[in-house]
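J.: data.txt is reproduced in full below (compact mmCIF, N, CA and C atoms).
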# COMPACT_ATOMS: atom_id res chain seq x y z
N MET A 148 124.74 93.32 100.51
CA MET A 148 125.90 94.17 100.63
C MET A 148 125.63 95.36 101.55
N LEU A 149 124.52 96.04 101.39
CA LEU A 149 124.21 97.16 102.28
C LEU A 149 123.69 96.62 103.62
N HIS A 150 124.12 97.26 104.69
CA HIS A 150 123.62 96.93 106.02
C HIS A 150 122.38 97.76 106.32
N HIS A 151 122.50 99.09 106.15
CA HIS A 151 121.35 99.98 106.31
C HIS A 151 121.61 101.28 105.56
N LEU A 152 120.55 102.03 105.38
CA LEU A 152 120.60 103.33 104.73
C LEU A 152 119.82 104.28 105.62
N GLU A 153 120.41 105.42 105.93
CA GLU A 153 119.75 106.40 106.79
C GLU A 153 119.55 107.70 106.02
N LEU A 154 118.31 108.15 105.97
CA LEU A 154 117.95 109.41 105.31
C LEU A 154 117.52 110.41 106.37
N TRP A 155 118.14 111.57 106.37
CA TRP A 155 117.72 112.63 107.28
C TRP A 155 116.65 113.44 106.56
N VAL A 156 115.55 113.64 107.24
CA VAL A 156 114.37 114.25 106.64
C VAL A 156 113.96 115.49 107.42
N PRO A 157 113.34 116.47 106.75
CA PRO A 157 112.92 117.69 107.44
C PRO A 157 111.60 117.54 108.20
N ASP A 158 110.81 116.51 107.89
CA ASP A 158 109.50 116.34 108.52
C ASP A 158 109.24 114.84 108.71
N LEU A 159 109.40 114.37 109.95
CA LEU A 159 109.29 112.93 110.20
C LEU A 159 107.90 112.38 109.90
N PRO A 160 106.81 113.02 110.32
CA PRO A 160 105.49 112.45 109.99
C PRO A 160 105.26 112.32 108.48
N ARG A 161 105.72 113.30 107.71
CA ARG A 161 105.55 113.24 106.25
C ARG A 161 106.39 112.10 105.67
N ALA A 162 107.63 111.95 106.15
CA ALA A 162 108.50 110.86 105.67
C ALA A 162 107.94 109.51 106.08
N GLU A 163 107.40 109.43 107.29
CA GLU A 163 106.81 108.17 107.74
C GLU A 163 105.63 107.78 106.86
N LYS A 164 104.85 108.76 106.44
CA LYS A 164 103.70 108.49 105.57
C LYS A 164 104.17 107.96 104.22
N SER A 165 105.09 108.66 103.58
CA SER A 165 105.50 108.26 102.22
C SER A 165 106.39 107.02 102.24
N PHE A 166 107.45 107.04 103.03
CA PHE A 166 108.35 105.89 103.05
C PHE A 166 107.72 104.68 103.73
N GLY A 167 106.93 104.91 104.76
CA GLY A 167 106.28 103.79 105.44
C GLY A 167 105.37 103.01 104.50
N TRP A 168 104.57 103.73 103.71
CA TRP A 168 103.70 103.06 102.74
C TRP A 168 104.54 102.30 101.72
N LEU A 169 105.53 102.99 101.12
CA LEU A 169 106.32 102.38 100.06
C LEU A 169 107.06 101.14 100.58
N LEU A 170 107.75 101.28 101.67
CA LEU A 170 108.54 100.17 102.19
C LEU A 170 107.65 99.01 102.63
N GLY A 171 106.51 99.32 103.22
CA GLY A 171 105.57 98.26 103.59
C GLY A 171 105.06 97.52 102.37
N THR A 172 104.75 98.24 101.33
CA THR A 172 104.28 97.63 100.09
C THR A 172 105.36 96.76 99.45
N LEU A 173 106.61 97.14 99.65
CA LEU A 173 107.73 96.38 99.09
C LEU A 173 108.15 95.21 99.99
N GLY A 174 107.40 94.97 101.05
CA GLY A 174 107.68 93.81 101.89
C GLY A 174 108.53 94.06 103.11
N CYS A 175 108.79 95.32 103.42
CA CYS A 175 109.54 95.64 104.64
C CYS A 175 108.58 95.71 105.82
N THR A 176 109.10 95.47 107.00
CA THR A 176 108.29 95.55 108.21
C THR A 176 108.88 96.61 109.13
N PRO A 177 108.04 97.25 109.95
CA PRO A 177 108.57 98.22 110.90
C PRO A 177 109.65 97.57 111.76
N HIS A 178 110.72 98.30 112.00
CA HIS A 178 111.87 97.74 112.72
C HIS A 178 112.14 98.52 114.01
N GLN A 179 112.34 99.83 113.89
CA GLN A 179 112.65 100.65 115.06
C GLN A 179 111.75 101.88 115.05
N HIS A 180 111.52 102.41 116.25
CA HIS A 180 110.64 103.57 116.41
C HIS A 180 111.18 104.37 117.60
N TRP A 181 111.59 105.59 117.37
CA TRP A 181 112.05 106.45 118.46
C TRP A 181 111.61 107.86 118.18
N GLU A 182 111.86 108.76 119.12
CA GLU A 182 111.33 110.13 119.03
C GLU A 182 111.62 110.79 117.70
N HIS A 183 112.82 110.64 117.19
CA HIS A 183 113.21 111.36 115.98
C HIS A 183 113.32 110.49 114.74
N GLY A 184 112.94 109.21 114.83
CA GLY A 184 113.12 108.38 113.66
C GLY A 184 112.29 107.11 113.64
N ARG A 185 112.31 106.50 112.47
CA ARG A 185 111.63 105.23 112.22
C ARG A 185 112.51 104.41 111.28
N SER A 186 112.36 103.10 111.33
CA SER A 186 113.05 102.27 110.36
C SER A 186 112.18 101.09 109.98
N TRP A 187 112.49 100.55 108.78
CA TRP A 187 111.79 99.38 108.24
C TRP A 187 112.86 98.40 107.79
N ARG A 188 112.59 97.10 107.95
CA ARG A 188 113.56 96.06 107.67
C ARG A 188 112.99 95.06 106.67
N ARG A 189 113.90 94.57 105.84
CA ARG A 189 113.61 93.41 104.99
C ARG A 189 114.88 92.58 104.93
N GLY A 190 114.81 91.40 105.46
CA GLY A 190 116.01 90.57 105.56
C GLY A 190 117.00 91.23 106.50
N SER A 191 118.25 91.30 106.09
CA SER A 191 119.27 91.90 106.95
C SER A 191 119.44 93.40 106.70
N PHE A 192 118.75 93.94 105.72
CA PHE A 192 118.85 95.37 105.38
C PHE A 192 117.73 96.15 106.05
N TYR A 193 118.03 97.36 106.52
CA TYR A 193 116.97 98.24 106.99
C TYR A 193 117.22 99.67 106.53
N LEU A 194 116.13 100.42 106.39
CA LEU A 194 116.17 101.82 105.96
C LEU A 194 115.61 102.68 107.08
N VAL A 195 116.32 103.75 107.39
CA VAL A 195 115.96 104.67 108.46
C VAL A 195 115.56 106.02 107.87
N VAL A 196 114.50 106.62 108.40
CA VAL A 196 114.23 108.04 108.17
C VAL A 196 114.31 108.70 109.54
N GLU A 197 115.04 109.79 109.60
CA GLU A 197 115.26 110.46 110.88
C GLU A 197 115.20 111.96 110.72
N GLN A 198 114.48 112.61 111.61
CA GLN A 198 114.48 114.07 111.70
C GLN A 198 115.40 114.41 112.86
N SER A 199 116.68 114.38 112.57
CA SER A 199 117.71 114.53 113.59
C SER A 199 117.74 115.95 114.15
N PRO A 200 117.95 116.08 115.46
CA PRO A 200 118.15 117.42 116.03
C PRO A 200 119.41 118.09 115.48
N ALA A 201 120.33 117.31 114.91
CA ALA A 201 121.56 117.86 114.35
C ALA A 201 121.40 118.31 112.89
N LEU A 202 120.21 118.16 112.32
CA LEU A 202 119.95 118.55 110.93
C LEU A 202 120.28 120.03 110.75
N THR A 203 121.05 120.37 109.72
CA THR A 203 121.48 121.76 109.54
C THR A 203 120.71 122.51 108.46
N GLY A 204 119.89 121.82 107.70
CA GLY A 204 119.12 122.48 106.65
C GLY A 204 117.68 122.02 106.70
N GLY A 205 116.84 122.69 105.94
CA GLY A 205 115.43 122.37 105.97
C GLY A 205 114.90 121.67 104.73
N THR A 206 115.76 121.53 103.70
CA THR A 206 115.29 120.91 102.47
C THR A 206 116.34 119.95 101.93
N HIS A 207 115.85 118.96 101.20
CA HIS A 207 116.71 118.01 100.50
C HIS A 207 116.76 118.42 99.04
N GLU A 208 117.94 118.38 98.46
CA GLU A 208 118.10 118.71 97.04
C GLU A 208 118.86 117.58 96.37
N ARG A 209 118.14 116.74 95.65
CA ARG A 209 118.74 115.56 95.06
C ARG A 209 119.73 115.87 93.95
N CYS A 210 119.72 117.08 93.41
CA CYS A 210 120.64 117.43 92.33
C CYS A 210 121.96 118.02 92.84
N ARG A 211 122.09 118.15 94.15
CA ARG A 211 123.37 118.60 94.72
C ARG A 211 124.25 117.39 94.96
N PRO A 212 125.55 117.61 95.22
CA PRO A 212 126.42 116.48 95.52
C PRO A 212 125.84 115.64 96.66
N GLY A 213 125.98 114.36 96.53
CA GLY A 213 125.41 113.43 97.50
C GLY A 213 124.56 112.41 96.77
N MET A 214 123.72 111.74 97.51
CA MET A 214 122.89 110.70 96.91
C MET A 214 121.74 111.31 96.11
N ASN A 215 121.57 110.82 94.90
CA ASN A 215 120.49 111.31 94.05
C ASN A 215 119.20 110.56 94.29
N HIS A 216 119.25 109.22 94.34
CA HIS A 216 118.04 108.45 94.56
C HIS A 216 118.37 107.05 95.04
N VAL A 217 117.36 106.36 95.49
CA VAL A 217 117.48 104.97 95.92
C VAL A 217 116.61 104.14 94.98
N ALA A 218 117.15 103.03 94.48
CA ALA A 218 116.40 102.17 93.57
C ALA A 218 116.03 100.87 94.27
N PHE A 219 114.78 100.46 94.08
CA PHE A 219 114.26 99.24 94.68
C PHE A 219 113.84 98.27 93.58
N ARG A 220 114.10 97.00 93.82
CA ARG A 220 113.63 95.93 92.93
C ARG A 220 112.14 95.72 93.19
N VAL A 221 111.37 95.60 92.12
CA VAL A 221 109.94 95.35 92.21
C VAL A 221 109.65 94.15 91.32
N GLU A 222 108.86 93.22 91.81
CA GLU A 222 108.60 91.97 91.09
C GLU A 222 107.63 92.17 89.93
N GLY A 223 108.15 92.59 88.80
CA GLY A 223 107.39 92.66 87.57
C GLY A 223 106.77 94.01 87.26
N ARG A 224 106.38 94.15 86.00
CA ARG A 224 105.81 95.40 85.49
C ARG A 224 104.47 95.72 86.13
N ALA A 225 103.63 94.72 86.35
CA ALA A 225 102.31 94.98 86.94
C ALA A 225 102.46 95.57 88.34
N ALA A 226 103.44 95.11 89.09
CA ALA A 226 103.66 95.64 90.43
C ALA A 226 104.14 97.09 90.38
N VAL A 227 105.00 97.41 89.42
CA VAL A 227 105.43 98.80 89.23
C VAL A 227 104.22 99.67 88.91
N ASP A 228 103.39 99.22 87.99
CA ASP A 228 102.20 99.98 87.59
C ASP A 228 101.26 100.20 88.78
N ALA A 229 101.07 99.19 89.61
CA ALA A 229 100.19 99.32 90.78
C ALA A 229 100.76 100.32 91.77
N LEU A 230 102.05 100.32 91.96
CA LEU A 230 102.67 101.29 92.87
C LEU A 230 102.51 102.71 92.34
N VAL A 231 102.70 102.90 91.05
CA VAL A 231 102.54 104.23 90.45
C VAL A 231 101.11 104.73 90.64
N GLU A 232 100.15 103.85 90.46
CA GLU A 232 98.75 104.25 90.61
C GLU A 232 98.42 104.65 92.05
N ALA A 233 98.96 103.94 93.02
CA ALA A 233 98.65 104.21 94.43
C ALA A 233 99.50 105.31 95.04
N ALA A 234 100.65 105.60 94.46
CA ALA A 234 101.63 106.51 95.05
C ALA A 234 101.12 107.90 95.42
N PRO A 235 100.34 108.57 94.58
CA PRO A 235 99.92 109.93 94.93
C PRO A 235 99.16 110.03 96.26
N ALA A 236 98.41 109.03 96.61
CA ALA A 236 97.67 109.05 97.88
C ALA A 236 98.60 108.96 99.09
N HIS A 237 99.87 108.66 98.84
CA HIS A 237 100.82 108.48 99.93
C HIS A 237 101.98 109.48 99.86
N GLY A 238 101.77 110.57 99.14
CA GLY A 238 102.76 111.64 99.11
C GLY A 238 103.82 111.55 98.03
N TRP A 239 103.62 110.71 97.03
CA TRP A 239 104.58 110.56 95.94
C TRP A 239 103.98 111.07 94.63
N ARG A 240 104.82 111.59 93.75
CA ARG A 240 104.39 111.99 92.41
C ARG A 240 105.31 111.32 91.40
N LEU A 241 104.75 110.99 90.25
CA LEU A 241 105.51 110.37 89.18
C LEU A 241 106.39 111.42 88.51
N MET A 242 107.66 111.12 88.39
CA MET A 242 108.59 111.99 87.68
C MET A 242 108.66 111.53 86.21
N PHE A 243 109.03 112.41 85.34
CA PHE A 243 109.22 112.10 83.92
C PHE A 243 108.01 111.39 83.31
N PRO A 244 106.79 111.87 83.54
CA PRO A 244 105.62 111.16 83.04
C PRO A 244 105.58 111.01 81.52
N ASP A 245 106.22 111.94 80.81
CA ASP A 245 106.23 111.86 79.35
C ASP A 245 107.10 110.71 78.84
N ARG A 246 108.00 110.18 79.69
CA ARG A 246 108.87 109.08 79.28
C ARG A 246 108.60 107.79 80.06
N HIS A 247 107.65 107.85 80.97
CA HIS A 247 107.32 106.68 81.79
C HIS A 247 106.70 105.59 80.93
N PRO A 248 107.02 104.35 81.09
CA PRO A 248 107.86 103.71 82.10
C PRO A 248 109.29 103.44 81.63
N PHE A 249 109.72 104.12 80.57
CA PHE A 249 111.06 103.87 80.04
C PHE A 249 111.96 105.08 80.17
N ALA A 250 111.76 105.88 81.23
CA ALA A 250 112.59 107.07 81.45
C ALA A 250 114.06 106.70 81.66
N GLY A 251 114.33 105.47 82.08
CA GLY A 251 115.70 105.02 82.28
C GLY A 251 116.31 104.41 81.03
N GLY A 252 115.56 104.40 79.94
CA GLY A 252 116.07 103.85 78.69
C GLY A 252 115.20 102.71 78.19
N ALA A 253 115.32 102.42 76.92
CA ALA A 253 114.55 101.33 76.31
C ALA A 253 114.88 100.02 77.00
N GLY A 254 113.86 99.27 77.32
CA GLY A 254 114.06 97.98 77.96
C GLY A 254 114.22 98.04 79.47
N HIS A 255 114.28 99.25 80.04
CA HIS A 255 114.41 99.42 81.50
C HIS A 255 113.06 99.91 82.03
N TYR A 256 112.20 98.98 82.43
CA TYR A 256 110.86 99.31 82.88
C TYR A 256 110.93 99.73 84.35
N ALA A 257 110.67 100.99 84.60
CA ALA A 257 110.81 101.52 85.95
C ALA A 257 109.93 102.74 86.13
N ALA A 258 109.69 103.06 87.38
CA ALA A 258 109.00 104.30 87.73
C ALA A 258 109.91 105.11 88.62
N TYR A 259 109.94 106.40 88.39
CA TYR A 259 110.71 107.32 89.22
C TYR A 259 109.68 108.16 89.97
N LEU A 260 109.74 108.09 91.29
CA LEU A 260 108.81 108.82 92.13
C LEU A 260 109.56 109.81 93.01
N GLU A 261 108.92 110.92 93.33
CA GLU A 261 109.49 111.92 94.22
C GLU A 261 108.47 112.23 95.29
N ASN A 262 108.91 112.27 96.55
CA ASN A 262 107.96 112.60 97.62
C ASN A 262 107.95 114.11 97.87
N GLU A 263 107.14 114.51 98.81
CA GLU A 263 106.94 115.95 99.07
C GLU A 263 108.20 116.65 99.53
N ASP A 264 109.17 115.91 100.04
CA ASP A 264 110.42 116.51 100.51
C ASP A 264 111.53 116.42 99.48
N GLY A 265 111.22 115.95 98.27
CA GLY A 265 112.21 115.92 97.20
C GLY A 265 113.06 114.67 97.14
N PHE A 266 112.75 113.63 97.93
CA PHE A 266 113.49 112.38 97.85
C PHE A 266 112.96 111.56 96.68
N GLU A 267 113.89 111.05 95.89
CA GLU A 267 113.53 110.26 94.70
C GLU A 267 113.79 108.79 94.95
N VAL A 268 112.85 107.98 94.49
CA VAL A 268 113.05 106.53 94.47
C VAL A 268 112.79 106.05 93.05
N GLU A 269 113.48 104.99 92.69
CA GLU A 269 113.28 104.33 91.40
C GLU A 269 112.76 102.93 91.70
N LEU A 270 111.68 102.57 91.06
CA LEU A 270 111.09 101.24 91.24
C LEU A 270 111.34 100.47 89.95
N VAL A 271 112.24 99.50 90.00
CA VAL A 271 112.71 98.78 88.83
C VAL A 271 112.00 97.44 88.72
N ALA A 272 111.32 97.22 87.61
CA ALA A 272 110.64 95.94 87.38
C ALA A 272 111.70 94.88 87.08
N VAL A 273 111.66 93.81 87.86
CA VAL A 273 112.56 92.69 87.62
C VAL A 273 111.75 91.41 87.45
N THR A 274 112.33 90.47 86.77
CA THR A 274 111.70 89.17 86.57
C THR A 274 112.65 88.08 87.06
N ALA A 275 112.22 86.86 87.03
CA ALA A 275 113.06 85.74 87.47
C ALA A 275 114.35 85.69 86.67
N GLU A 276 114.30 86.06 85.41
CA GLU A 276 115.50 86.05 84.58
C GLU A 276 116.53 87.08 85.03
N ASP A 277 116.06 88.15 85.71
CA ASP A 277 116.96 89.20 86.18
C ASP A 277 117.71 88.83 87.45
N ALA A 278 117.21 87.84 88.17
CA ALA A 278 117.83 87.46 89.44
C ALA A 278 119.20 86.85 89.19
N PRO A 279 120.13 87.12 90.12
CA PRO A 279 121.49 86.58 89.94
C PRO A 279 121.52 85.07 90.10
Represent the structure from my file as structure tokens, please.
T.:
Amino acid sequence: MLHHLELWVPDLPRAEKSFGWLLGTLGCTPHQHWEHGRSWRRGSFYLVVEQSPALTGGTHERCRPGMNHVAFRVEGRAAVDALVEAAPAHGWRLMFPDRHPFAGGAGHYAAYLENEDGFEVELVAVTAEDAP
């Protein structure tokens, strides 16, 4: 359903480090590379991070109106756990550690990560039974 998602970021090298690692680990491949941005593709969908010259602010605030977070499907609980363990070395921190891995509710095995610029991702463990 989604064609692409574009995130404007205050620091492209920092976004490339955090999102590049995460998207690569999730099976995306580098797609585009230009002075102010990068993108990664998986299938027909791609995600862009861009430090646009038209950016009007210096920080992202996920609790303001707009997009709060992006959720990604992850193949199983072990894969979610491995991502959580590796995430800090790539600029991510675990959110809601006191409720992890059920911060989204009982039976919803997921990790919520936040990068250094305040962007949140949710990594949702799915199994074959969850597939449509």
J.: Of the candidates A:His150, A:Pro200, A:Ala272, A:Ala162, which one gets nearest to Ala225 in chain A if we count only N, CA and C atoms?
T.: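 When distances to Ala225 in chain A are compared using only N, CA and C atoms, the smallest one comes from A:Ala272.
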J.: Using DSSP on the backbone coordinates, identify all residues within range 156-263 of chain A classified as strand (DSSP E); present the result as number ranges by chain.
T.: A: 176-181, 184-189, 192-197, 216-222, 239-241, 257-262
J.: Could you tell me how far atom C of Gly223 in chain A sits from atom N of Glu153 in chain A, in Å to one decimal place?
T.: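 Separating atom N of Glu153 in chain A from atom C of Gly223 in chain A is a distance of 25.8 Å.
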J.: When distances are computed from all atoms listed in the file, which of A:Gly238, A:Leu260, A:Gly204, A:Glu267 shows the smallest separation from Lys164 in chain A?
T.: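 Once distances to Lys164 in chain A are computed over all atoms listed in the file, the minimum belongs to A:Gly238.
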J.: If we count only C-alpha atoms, what is near Leu202 in chain A at a cut-off of 12 Å, once residues fewer than 2 positions away on the same chain are taken out, given as a list in words?
T.: Leu154, Trp155, Val156, Pro157, Asp158, His183, Glu197, Gln198, Ser199, Pro200, Gly204, Gly205, Thr206 and His207 of chain A
J.: Which one of A:His151, A:Val271, A:Glu261, A:His216 sits closest to Ser186 in chain A if you count only C-alpha atoms?
T.: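 When distances to Ser186 in chain A are compared using only C-alpha atoms, the smallest one comes from A:His151.
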J.: Please identify which residues in chain A DSSP calls helix (DSSP H, G or I) from the backbone, and express them as a PyMOL selection string.
T.: chain A and resi 159-172+224-237+275-277
J.: Go ahead and compute the interatomic distance for atom C of Val227 in chain A and atom N of Ser191 in chain A, in Å to one decimal.
T.: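 Here the two named atoms are 23.7 Å from each other.
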J.: Which is closest to Asp264 in chain A among A:Arg188, A:Pro212, A:Trp239, A:Glu222, if we use only C-alpha atoms?
T.: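 The answer is A:Trp239, which sits nearest to Asp264 in chain A.
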J.: CA of Ala236 in chain A to atom C of Cys210 in chain A: how many Å, to one decimal?
T.: 26.4 Å
J.: For Arg161 in chain A, which residue out of A:His237, A:Asp228, A:Phe249, A:Tyr256 is the nearest one, using only N, CA and C atoms?
T.: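 With only N, CA and C atoms as the atom set, the closest residue is A:His237.
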J.: Output, as JSON, the centre and edge lengths in Å (one decimal) of the axis-aligned box that contains all listed atoms of range 240-243 of chain A with 3 Å of margin on each side.
T.:
{"center_x": 106.8, "center_y": 111.4, "center_z": 88.5, "size_x": 10.8, "size_y": 8.0, "size_z": 16.4}
J.: Of the candidates A:Arg240, A:Arg224, A:Arg211, A:His178, which one gets nearest to Glu263 in chain A if we count only N, CA and C atoms?
T.: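 For Glu263 in chain A, the nearest of the given residues is A:Arg240.
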J.: List as a list in words the protein and nucleic acid residues near Arg185 in chain A, meaning an atom at most 8 Å away when only N, CA and C atoms are counted, but skip any in the same chain fewer than 4 places from it.
T.: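 In the requested format, the answer is Leu159, Glu163, Pro177, His178, Gln179, His180, Trp181, Leu194, Val195, Val196, Glu197 and Gln198 of chain A.
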J.: So which residues touch Val217 in chain A within 6 Å, counting only N, CA and C atoms, skipping near sequence neighbours fewer than 2 positions away, as a list in words?
T.: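 Final neighbour list, sorted by chain and number: Asn215, Phe219, Glu267, Val268 and Glu269 of chain A.
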J.: Restrict the output to range 152-168 of chain A and N, CA, C and O atoms, then write it as a compact mmCIF listing (two decimals), in the first residue's frame.
T.:
# COMPACT_ATOMS: atom_id res chain seq x y z
N LEU A 152 8.17 6.43 2.18
CA LEU A 152 8.04 7.26 3.37
C LEU A 152 9.29 8.12 3.43
O LEU A 152 10.41 7.61 3.29
N GLU A 153 9.11 9.42 3.61
CA GLU A 153 10.25 10.33 3.68
C GLU A 153 10.29 11.01 5.04
O GLU A 153 9.30 11.61 5.47
N LEU A 154 11.42 10.89 5.71
CA LEU A 154 11.63 11.52 7.02
C LEU A 154 12.67 12.63 6.86
O LEU A 154 13.77 12.38 6.37
N TRP A 155 12.32 13.82 7.28
CA TRP A 155 13.29 14.91 7.28
C TRP A 155 14.02 14.87 8.61
O TRP A 155 13.40 14.83 9.68
N VAL A 156 15.33 14.90 8.53
CA VAL A 156 16.18 14.71 9.70
C VAL A 156 17.10 15.91 9.88
O VAL A 156 17.49 16.55 8.91
N PRO A 157 17.50 16.20 11.13
CA PRO A 157 18.39 17.34 11.37
C PRO A 157 19.86 17.03 11.11
O PRO A 157 20.66 17.94 10.97
N ASP A 158 20.23 15.74 11.05
CA ASP A 158 21.63 15.37 10.88
C ASP A 158 21.70 14.11 10.00
O ASP A 158 21.44 13.01 10.48
N LEU A 159 22.05 14.29 8.73
CA LEU A 159 22.03 13.17 7.80
C LEU A 159 23.01 12.05 8.18
O LEU A 159 22.61 10.88 8.17
N PRO A 160 24.25 12.34 8.53
CA PRO A 160 25.15 11.24 8.90
C PRO A 160 24.64 10.41 10.08
O PRO A 160 24.74 9.18 10.09
N ARG A 161 24.04 11.08 11.07
CA ARG A 161 23.50 10.36 12.23
C ARG A 161 22.31 9.50 11.81
O ARG A 161 22.18 8.36 12.22
N ALA A 162 21.43 10.04 10.96
CA ALA A 162 20.27 9.28 10.48
C ALA A 162 20.72 8.12 9.61
O ALA A 162 20.16 7.03 9.68
N GLU A 163 21.74 8.35 8.79
CA GLU A 163 22.25 7.27 7.94
C GLU A 163 22.80 6.13 8.79
O GLU A 163 22.60 4.96 8.48
N LYS A 164 23.45 6.47 9.89
CA LYS A 164 24.00 5.45 10.79
C LYS A 164 22.87 4.63 11.42
O LYS A 164 22.89 3.39 11.35
N SER A 165 21.89 5.29 12.00
CA SER A 165 20.84 4.55 12.72
C SER A 165 19.87 3.88 11.76
O SER A 165 19.62 2.67 11.88
N PHE A 166 19.31 4.62 10.83
CA PHE A 166 18.35 4.02 9.91
C PHE A 166 19.01 3.07 8.92
O PHE A 166 18.42 2.05 8.56
N GLY A 167 20.22 3.38 8.49
CA GLY A 167 20.91 2.49 7.56
C GLY A 167 21.14 1.11 8.16
O GLY A 167 20.89 0.09 7.51
N TRP A 168 21.58 1.07 9.41
CA TRP A 168 21.77 -0.21 10.09
C TRP A 168 20.45 -0.95 10.22
O TRP A 168 20.33 -2.13 9.87
